[in-house]
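Quick notes on the structure that follows.
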Amino acid sequence: MTKTLDTRVTRYEAPRKVTGGTRYAADFMPSGMLHGALATSAIAVGELTAIDTSAAENEPGVIAVYTHESLPDYKQPKGFYQGGPGTASFWPMTGSTIRYGGQPIAYVVAENAAAARRGAALVKPEYAPGEADIEMDPYESFLVEAEGMAVTKGDVEAGIAAAAAVVDETWTTPFQHHNPMEMFSATAEWNGERLTVWTPTQSVRTTRGGIAQAYGLPETAIEVVAPFVGGAFGSKAGLPPYTMLTIAAAKALGAPVRLIVTRAQMFTVAAFRPESVQKIRLGADADGRFTAFEHIEIAQTSQFDPVVNPGTHMTRAMYASPNIRTEQRLARSDTNTPGFMRAPNEMQTFFALESAVDELARKLDMDPVEMRRLNDAQRHPVEDVPFSSRSLMACYDAAAASFGWAGRDTAIGAMSDGDWLVGYGCATATYPTAVAPSEARVRMQSSGSALVELAAHDVGTGAYTIMGQIAAQRLGLPLAGVEVAMGNSNLPVAPLSGGSVTSASAGSAVHLACLNAAAEVARSVAAMDDNPLSGLDPAAITLQDGVLKGPDGQSMPLLEALKATPRGEVSAIGAYAHPDLTTQALRTTYKGGFGVAGPVTPKHAMFAFGAEFAEVRVHRWTKEIRVPRVHGAFAAGNILNRKTAHSQLMGGMIWGIGSALHEHTVVDRPRARFLNANIAEYLVPVNADVREIQVEMLDETDDYVNPLGVKGIGELGIVGTAAAIANAIHHATGKRLRALPITIADMV
Ligand code: MOS
């Protein structure tokens with residue numbers, strides 16, 4: 001494994017980004033472009049009995065108003081949970097049925113965006129409303145029908161009976177909605193039977209594939225473009241209705257159309273984090289060794305899709321226990337289909353698990369860190385395969401030291417600072433390491449520049465810089481000499497940017513492409529005279545940090561070697577697939593889907609780990625809750641860029657503060673709508689809520705996960721923060737709060 005070098009590199013597009021020089025999808029405005037706007041349903045369940053568009057059509061500037069009666073047909077792509085690209089299996093405006101509040105019911109096209117929105121407001125629907133319920137009923141839950149959703153090892157009842165102490169509690173987490181800075185948008189332009197779509201997406205290829213199916217076009221006729229994505233976090237992971245509606249409108253009008261959805265519509269036209277109920281029974285003997293662990297997760301889903309983000313797969317991988325039982329259940333309610341939101345069910349499930357561990361440690365009067373050490377599993381507790389690497393306790397030791405954990409007074413309410421009660425809490429963070437197949441193309445010129453091309457995405461994480469760094473190091477070029485092209489469906493196959501897979505997967509493809517390019521140059525120069533590698537067996541020549549090396553100390557910089565070749569340039573493809581990847585998963589990826597190896601393969605369990613410590617202050621009289629410090633230590637294999645990784649982990653922990661104390665989509669029960677669909681009332685942490693965030697990244701070598709030794713970090717930071725804060729609140733106040741978010745109202 002080549003360790004990556006200069007790893008505090010500033011993202012190379014940073015100057016362009018801060019000066020407005022990077023173009024996001026909605027910045028591409030084809031000439032003659034018209035503007036779309038959505039009218040959405042005011043009811044959650046029922047039928048549209050009539051829809052009067054005359055006022056909208058008469059509005060100055062409005063060009064067309066489409067409803068389910070007038071929108072040209074396309075073949076509805078399958079939803080993600082039926083193996084297709086769609087964010088949901090139900091496509092609005094394909095009939096008169098209303099299945100969720102805020103469902104698109106009309107699409108207005110106008111000369112400018114203001115006219116389109118005025119037109120949308122003038123659409124007059126008539127409804128026959130049905131009974132709607134937005135909150136799931138956990139008593140009406142059902143087991144997910146798929147392998148591994150209900151797992152039993154040993155005898156949980158016997159383990160509970162034998163325990164010296166048991167925690168048997170229920171935790172709940174609320175609906176949460178995506179609010180990335182970049183709004184959802186789509187711009188479509190048809191040129192005969194060719195189509196270009198600019199849309200912020202986590203998968204240009206999935207989007208392309210779905211559109212191709214819908215219109216019966218070859219994929220080569222479609223180009224999906226998203227060079228930069230202004231935050232995704234799972235909200236831009238599939239092919240959404242608003243994109244399909246925009247394409248249909250552009251086709252019908254024979255003119256390019258751009259839609260930018262409103263902030264309020266972002267709460268209904270895309271995926272979100274479903275509410276959940278987490279039931280855990282955890283028992284331990286008098287020494288603190290776990291005797292039984294049972295975790296039943298009940299997550300909300302829509303009436304039409306069984307959304308499965310199996311959080312219990314992760315909790316059952318955490319700690320050794322002879323008896324384990326997990327169940328992944330769903331309960332339906334009348335919403336759009338939920339989906340991915342940063343650490344889709346790890347955030348929820350680890351809030352529960354890590355609160356339970358803390359409660360059990362209290363019952364046994366143990367240090368919760370030592371309880372985790374005692375139960376630290378070196379093999380997967382259910383699958384019984386070794387972890388490819390596992391540095392959980394090293395993370396605890398590092399974060400505990402930097403935080404000053406040992407110096408606390410463990411008694412409840414014992415620590416204070418003036419009128420502030422002070423509490424400390426900690427929790428485990430983890431995220432599964434999944435690796436997707438990927439390709440990349442590298443072209444290197446003797447002028448000293450290189451172009452790296454792949455259909456991966458930079459969703460704001462620094463992926464351009466990471467891919468550039470990998471190539472620059474392999475090829476022996478300065479980073480400034482490497483240009484990276486991503487976010488276009490015409491580029492070589494790369495995975496959906498989700499599940500924290502990009503650096504590990506697409507990065508490995510870039511690595512292999514560089515090796516292949518070097519091998520080709522080595523073959524050329526070995527066959528030529530008068531150079532240090534002349535006459536060598538090309539197979540014996542290796543590439544090390546930009547230098548071709550022979551078996552007996554011969555060496556020649558790759559760039560020098562390239563200059564010596566007649567062509568003076570080289571182009572090579574790298575194709576990466578993890579050895580544990582199944583043929584099925586490989587096929588899925590090449591068909592535009594999301595096929596991965598991991599986190600658990602027949603040989604290994606692959607997870608990144610972390611430990612998070614929070615200090616909480618609760619005001620004795622006003623009951624305000626403050627989080628002055630969060631320290632996290634993380635081990636996620638090889639950290640390619642310590643600067644962008646630091647930002648990722650810090651951002652995750654800040655979002656974790658939000659999950660603990662702020663984020664909560666409130667429901668209007670009688671109308672079955674989301675109530676606070678704006679960023680004034682949907683709270684996220686602001687600067688005043690975030691004080692010291694300390695991130696430590698431990699060295700960890702893992703040669704199994706991929707050639708780069710990289711585990712994903714995009715979602716790791718958020719997991720554990722909420723439990724660390726809840727545990728600290730308990731330490732400060734004695735209150736065990738098991739429902740997120742925890743607010744001032746819970747303190748009285
Ligand atoms: Mo992430 S929630 O897999 O985009």
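Order determines the names: the first chain of the structure tokens is A, the second B, and so forth; residues in each chain are numbered 1 upward, and ligands are numbered 1 upward as they are shown.
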
Just the residues within 9 Å of Val197 (chain A), please, counting only C-alpha atoms, with nothing from its chain fewer than 5 positions along; format it as number ranges by chain. A: 25, 186-190, 208, 222-226, 243, 247

Tell me which protein, DNA and RNA residues are within 8 Å of region 658-667 of chain A, counting only C-alpha atoms, leaving out same-chain ones fewer than 4 positions away, and put them as an MDAnalysis selection string. chainID A and resid 134:135 174:177 654 672:677 682:685 721:723 725:726 740:743

Expected file: the selected residues, C-alpha atoms, as a short mmCIF file (atom, residue, chain, number, x, y, z; two decimals), in the first residue's frame:
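The result, stored in out-v6.cif:
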data_model
loop_
_atom_site.label_atom_id
_atom_site.label_comp_id
_atom_site.auth_asym_id
_atom_site.auth_seq_id
_atom_site.Cartn_x
_atom_site.Cartn_y
_atom_site.Cartn_z
CA ILE A 134 -48.47 10.95 8.95
CA GLU A 135 -47.20 9.29 12.10
CA PRO A 174 -37.93 12.21 14.70
CA PHE A 175 -38.44 12.95 11.03
CA GLN A 176 -35.55 15.00 9.71
CA HIS A 177 -35.33 16.77 6.37
CA ILE A 654 -21.81 19.37 14.15
CA ALA A 672 -50.77 15.01 7.67
CA ARG A 673 -48.24 17.63 6.58
CA PHE A 674 -44.78 18.66 7.63
CA LEU A 675 -45.22 21.89 9.49
CA ASN A 676 -41.86 23.64 9.76
CA ALA A 677 -40.85 23.32 6.12
CA TYR A 682 -36.35 23.75 11.02
CA LEU A 683 -33.45 24.26 13.38
CA VAL A 684 -29.87 23.34 12.60
CA PRO A 685 -26.84 24.25 14.70
CA THR A 721 -22.68 12.45 18.85
CA ALA A 722 -26.32 12.39 19.95
CA ALA A 723 -25.70 9.60 22.46
CA ILE A 725 -24.64 14.46 24.41
CA ALA A 726 -27.59 12.57 25.92
CA LEU A 740 -34.55 13.20 20.06
CA PRO A 741 -34.19 16.07 19.85
CA ILE A 742 -33.58 16.91 23.50
CA THR A 743 -34.83 20.42 24.17
#

When the cut-off is 7 Å and you count only C-alpha atoms and all ligand atoms, which residues lie near ligand 1, shown as a ChimeraX atom specification? /A:232-235,237,340-344,497-500

Option closest in space to Pro566 (chain A), from A:Arg626, A:Ala37, A:Ala463, A:Gln445 [counting only C-alpha atoms]: A:Gln445

Picked from region 227-326 of chain A by DSSP as alpha helix (DSSP H), as a ChimeraX atom specification: /A:241-253,312-315

Residues within 12 Å of Ala577 (chain A), only C-alpha atoms, excluding chain neighbours under 2 positions, as a PyMOL selection string: chain A and resi 434-439+493-495+504-509+512+574-575+579-583+585-587+589-590+595-598+705-707

Put those residues in a file: N, CA, C and O atoms, as a compact mmCIF listing (two decimals), in the first residue's frame.
# COMPACT_ATOMS: atom_id res chain seq x y z
N ALA A 434 -18.00 0.06 2.80
CA ALA A 434 -18.48 -0.64 1.61
C ALA A 434 -17.66 -0.11 0.44
O ALA A 434 -17.32 1.06 0.40
N VAL A 435 -17.33 -1.01 -0.48
CA VAL A 435 -16.49 -0.60 -1.60
C VAL A 435 -17.18 -0.99 -2.90
O VAL A 435 -17.58 -2.13 -3.07
N ALA A 436 -17.31 -0.02 -3.78
CA ALA A 436 -18.02 -0.24 -5.04
C ALA A 436 -17.01 -0.36 -6.18
O ALA A 436 -15.92 0.21 -6.11
N PRO A 437 -17.37 -1.08 -7.24
CA PRO A 437 -16.47 -1.11 -8.40
C PRO A 437 -16.40 0.25 -9.07
O PRO A 437 -17.36 1.03 -9.00
N SER A 438 -15.29 0.55 -9.68
CA SER A 438 -15.14 1.85 -10.33
C SER A 438 -14.08 1.77 -11.41
O SER A 438 -13.20 0.93 -11.36
N GLU A 439 -14.22 2.67 -12.36
CA GLU A 439 -13.18 2.83 -13.37
C GLU A 439 -12.71 4.28 -13.37
O GLU A 439 -13.42 5.17 -12.88
N VAL A 493 -17.19 4.69 -15.85
CA VAL A 493 -18.06 4.21 -14.75
C VAL A 493 -17.47 4.50 -13.37
O VAL A 493 -16.35 4.11 -13.07
N ALA A 494 -18.28 5.15 -12.53
CA ALA A 494 -17.89 5.30 -11.12
C ALA A 494 -19.16 5.20 -10.31
O ALA A 494 -20.26 5.40 -10.84
N PRO A 495 -19.05 4.86 -9.03
CA PRO A 495 -20.27 4.60 -8.26
C PRO A 495 -21.03 5.84 -7.86
O PRO A 495 -20.51 6.95 -7.89
N ALA A 504 -12.57 5.51 -1.38
CA ALA A 504 -12.09 4.14 -1.37
C ALA A 504 -12.25 3.48 -2.74
O ALA A 504 -11.34 2.79 -3.21
N SER A 505 -13.38 3.72 -3.39
CA SER A 505 -13.71 2.99 -4.61
C SER A 505 -13.14 3.69 -5.85
O SER A 505 -12.32 3.13 -6.57
N ALA A 506 -13.59 4.92 -6.07
CA ALA A 506 -13.13 5.66 -7.25
C ALA A 506 -11.63 5.97 -7.11
O ALA A 506 -10.90 5.96 -8.10
N GLY A 507 -11.19 6.23 -5.88
CA GLY A 507 -9.77 6.49 -5.65
C GLY A 507 -8.91 5.28 -6.02
O GLY A 507 -7.83 5.43 -6.59
N SER A 508 -9.41 4.09 -5.73
CA SER A 508 -8.67 2.88 -6.09
C SER A 508 -8.58 2.74 -7.61
O SER A 508 -7.57 2.27 -8.13
N ALA A 509 -9.63 3.16 -8.31
CA ALA A 509 -9.60 3.09 -9.78
C ALA A 509 -8.57 4.07 -10.35
O ALA A 509 -7.85 3.75 -11.29
N LEU A 512 -5.19 2.53 -9.86
CA LEU A 512 -4.91 1.47 -10.84
C LEU A 512 -4.66 2.05 -12.23
O LEU A 512 -3.80 1.55 -12.97
N GLY A 574 -8.12 2.37 -15.45
CA GLY A 574 -8.00 1.49 -14.29
C GLY A 574 -9.39 1.00 -13.95
O GLY A 574 -10.34 1.78 -13.94
N ALA A 575 -9.54 -0.29 -13.72
CA ALA A 575 -10.84 -0.84 -13.34
C ALA A 575 -10.66 -1.55 -12.01
O ALA A 575 -9.89 -2.50 -11.90
N PRO A 579 -12.04 -7.88 -4.31
CA PRO A 579 -12.11 -9.33 -4.55
C PRO A 579 -13.35 -10.00 -3.96
O PRO A 579 -13.78 -11.05 -4.45
N ASP A 580 -13.93 -9.43 -2.93
CA ASP A 580 -15.13 -10.03 -2.34
C ASP A 580 -16.42 -9.58 -3.02
O ASP A 580 -17.52 -9.96 -2.60
N LEU A 581 -16.29 -8.78 -4.05
CA LEU A 581 -17.49 -8.28 -4.74
C LEU A 581 -18.13 -9.44 -5.51
O LEU A 581 -17.46 -10.17 -6.21
N THR A 582 -19.43 -9.56 -5.38
CA THR A 582 -20.11 -10.63 -6.12
C THR A 582 -20.34 -10.19 -7.57
O THR A 582 -20.38 -8.99 -7.87
N THR A 583 -20.49 -11.16 -8.43
CA THR A 583 -20.77 -10.87 -9.84
C THR A 583 -22.04 -10.04 -9.94
O THR A 583 -22.15 -9.12 -10.75
N ALA A 585 -23.24 -7.92 -7.77
CA ALA A 585 -23.00 -6.52 -7.38
C ALA A 585 -22.25 -5.78 -8.48
O ALA A 585 -22.50 -4.60 -8.74
N LEU A 586 -21.35 -6.49 -9.15
CA LEU A 586 -20.60 -5.88 -10.25
C LEU A 586 -21.57 -5.51 -11.38
O LEU A 586 -21.55 -4.41 -11.92
N ARG A 587 -22.44 -6.44 -11.69
CA ARG A 587 -23.42 -6.22 -12.76
C ARG A 587 -24.32 -5.03 -12.40
O ARG A 587 -24.61 -4.18 -13.22
N THR A 589 -23.66 -2.44 -10.61
CA THR A 589 -22.97 -1.17 -10.80
C THR A 589 -22.88 -0.81 -12.28
O THR A 589 -23.16 0.32 -12.67
N TYR A 590 -22.52 -1.78 -13.10
CA TYR A 590 -22.37 -1.46 -14.52
C TYR A 590 -23.71 -1.17 -15.18
O TYR A 590 -23.77 -0.54 -16.23
N GLY A 595 -23.83 -1.37 -6.50
CA GLY A 595 -23.38 -2.68 -6.00
C GLY A 595 -22.10 -2.52 -5.23
O GLY A 595 -21.17 -1.85 -5.69
N VAL A 596 -22.04 -3.10 -4.05
CA VAL A 596 -20.85 -2.93 -3.21
C VAL A 596 -20.42 -4.26 -2.60
O VAL A 596 -21.21 -5.20 -2.49
N ALA A 597 -19.15 -4.30 -2.19
CA ALA A 597 -18.66 -5.37 -1.32
C ALA A 597 -18.60 -4.78 0.08
O ALA A 597 -18.18 -3.64 0.27
N GLY A 598 -19.03 -5.55 1.06
CA GLY A 598 -18.98 -5.06 2.43
C GLY A 598 -20.29 -4.51 2.89
O GLY A 598 -21.21 -4.42 2.10
N VAL A 705 -9.23 -3.61 2.88
CA VAL A 705 -10.40 -2.86 2.39
C VAL A 705 -10.31 -2.47 0.91
O VAL A 705 -11.28 -2.54 0.17
N ASN A 706 -9.14 -2.06 0.49
CA ASN A 706 -8.90 -1.67 -0.91
C ASN A 706 -7.42 -1.32 -1.04
O ASN A 706 -6.73 -1.18 -0.03
N PRO A 707 -6.91 -1.15 -2.29
CA PRO A 707 -5.47 -0.91 -2.46
C PRO A 707 -4.98 0.36 -1.76
O PRO A 707 -3.80 0.49 -1.47

For each of A:Ala399, A:Met136, A:Ala116, A:Leu217, take the minimum atom-to-atom distance to Leu259 (chain A), counting only C-alpha atoms, then give the residue where this is smallest. A:Ala116

Quick one: distance from CA of Gly230 (chain A) to CA of Arg642 (chain A) in Å, one decimal? 21.1 Å

Using only C-alpha atoms, which residues sit within 10 Å of Met415 (chain A) once same-chain residues fewer than 5 positions away are excluded, as a PyMOL selection string? chain A and resi 408-410+420-424+617+731-733

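The environment of Ser391 (chain A) within 9 Å, counting only C-alpha atoms and disregarding residues fewer than 5 places along the same chain, consists of Tyr396, Ala608, Phe609, Gly610, Phe634, Ala635, Ala636, Leu698 and Glu700 of chain A.
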
Between A:Gly592, A:Pro386, A:Gly36, A:Pro256, single out the one closest to Gly61 (chain A), counting only C-alpha atoms.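 Going through A:Gly592, A:Pro386, A:Gly36, A:Pro256 one by one, the smallest distance to Gly61 (chain A) is for A:Gly36.
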
Name the residues of region 148-209 of chain A that come out as strand (DSSP E) in a backbone DSSP run; write them as a PyMOL selection string. chain A and resi 150-153+165-173+185-191+194-198

Of the candidates A:Asp358, A:Asp397, A:Ala561, A:Arg669, which one gets nearest to Glu131 (chain A) if we count only C-alpha atoms? A:Arg669

All residues 6 Å or closer to Ile296 (chain A), only C-alpha atoms, same chain fewer than 4 positions away omitted, as a PyMOL selection string: chain A and resi 278-279+326-327

May I have a table of the residues of region 594-668 of chain A lying at most 10 Å from region 10-20 of chain A, giving each one's closest pair of atoms and their distance in Å to one decimal, counting only C-alpha atoms, ordered by chain and ascending residue number, as JSON lines?
{"residue": "A:Asn641", "atom": "CA", "partner": "A:Thr10", "partner_atom": "CA", "distance": 8.7}
{"residue": "A:Arg642", "atom": "CA", "partner": "A:Thr10", "partner_atom": "CA", "distance": 9.6}
{"residue": "A:Lys643", "atom": "CA", "partner": "A:Thr10", "partner_atom": "CA", "distance": 6.9}
{"residue": "A:Thr644", "atom": "CA", "partner": "A:Thr10", "partner_atom": "CA", "distance": 7.6}

Output for the residues just chosen: all heavy atoms as a short mmCIF file (atom, residue, chain, number, x, y, z; two decimals), in the first residue's frame:
data_model
loop_
_atom_site.label_atom_id
_atom_site.label_comp_id
_atom_site.auth_asym_id
_atom_site.auth_seq_id
_atom_site.Cartn_x
_atom_site.Cartn_y
_atom_site.Cartn_z
N ASN A 641 -6.36 12.87 2.89
CA ASN A 641 -6.16 14.32 2.98
C ASN A 641 -6.66 14.74 4.36
O ASN A 641 -7.87 14.75 4.62
CB ASN A 641 -6.94 15.03 1.87
CG ASN A 641 -6.74 16.53 1.88
OD1 ASN A 641 -6.51 17.14 2.93
ND2 ASN A 641 -6.81 17.15 0.71
N ARG A 642 -5.74 15.07 5.24
CA ARG A 642 -6.12 15.31 6.63
C ARG A 642 -6.92 16.60 6.77
O ARG A 642 -7.61 16.79 7.78
CB ARG A 642 -4.89 15.33 7.53
CG ARG A 642 -4.13 14.00 7.52
CD ARG A 642 -3.03 13.93 8.55
NE ARG A 642 -3.51 13.46 9.85
CZ ARG A 642 -3.68 12.18 10.16
NH1 ARG A 642 -3.40 11.24 9.30
NH2 ARG A 642 -4.13 11.85 11.35
N LYS A 643 -6.84 17.45 5.80
CA LYS A 643 -7.59 18.70 5.88
C LYS A 643 -9.06 18.48 5.50
O LYS A 643 -9.97 18.84 6.26
CB LYS A 643 -6.95 19.73 4.94
CG LYS A 643 -7.40 21.15 5.19
CD LYS A 643 -6.51 22.10 4.43
CE LYS A 643 -6.68 23.52 4.93
NZ LYS A 643 -5.69 24.41 4.32
N THR A 644 -9.29 17.85 4.34
CA THR A 644 -10.69 17.63 3.95
C THR A 644 -11.34 16.59 4.87
O THR A 644 -12.53 16.69 5.18
CB THR A 644 -10.80 17.19 2.47
OG1 THR A 644 -9.98 16.05 2.26
CG2 THR A 644 -10.38 18.31 1.54
#

Would you kindly return, as a count of residues only, each protein, DNA or RNA residue with an atom no farther than 12 Å from any atom of Arg258 (chain A), considering only C-alpha atoms and excluding same-chain residues fewer than 5 positions away? 41

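With distances restricted to only C-alpha atoms, A:Thr542 is the closest residue to Asn516 (chain A) from A:Gln103, A:Thr542, A:Thr349, A:Thr565.
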
Go through A:Leu479, A:Gln303, A:Ser54, A:Gln76 one by one, measure the shortest atom-to-atom distance of each to Leu122 (chain A) using only C-alpha atoms, and give the residue with the smallest value.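 Checking each candidate against Leu122 (chain A), we get A:Ser54 as the closest.
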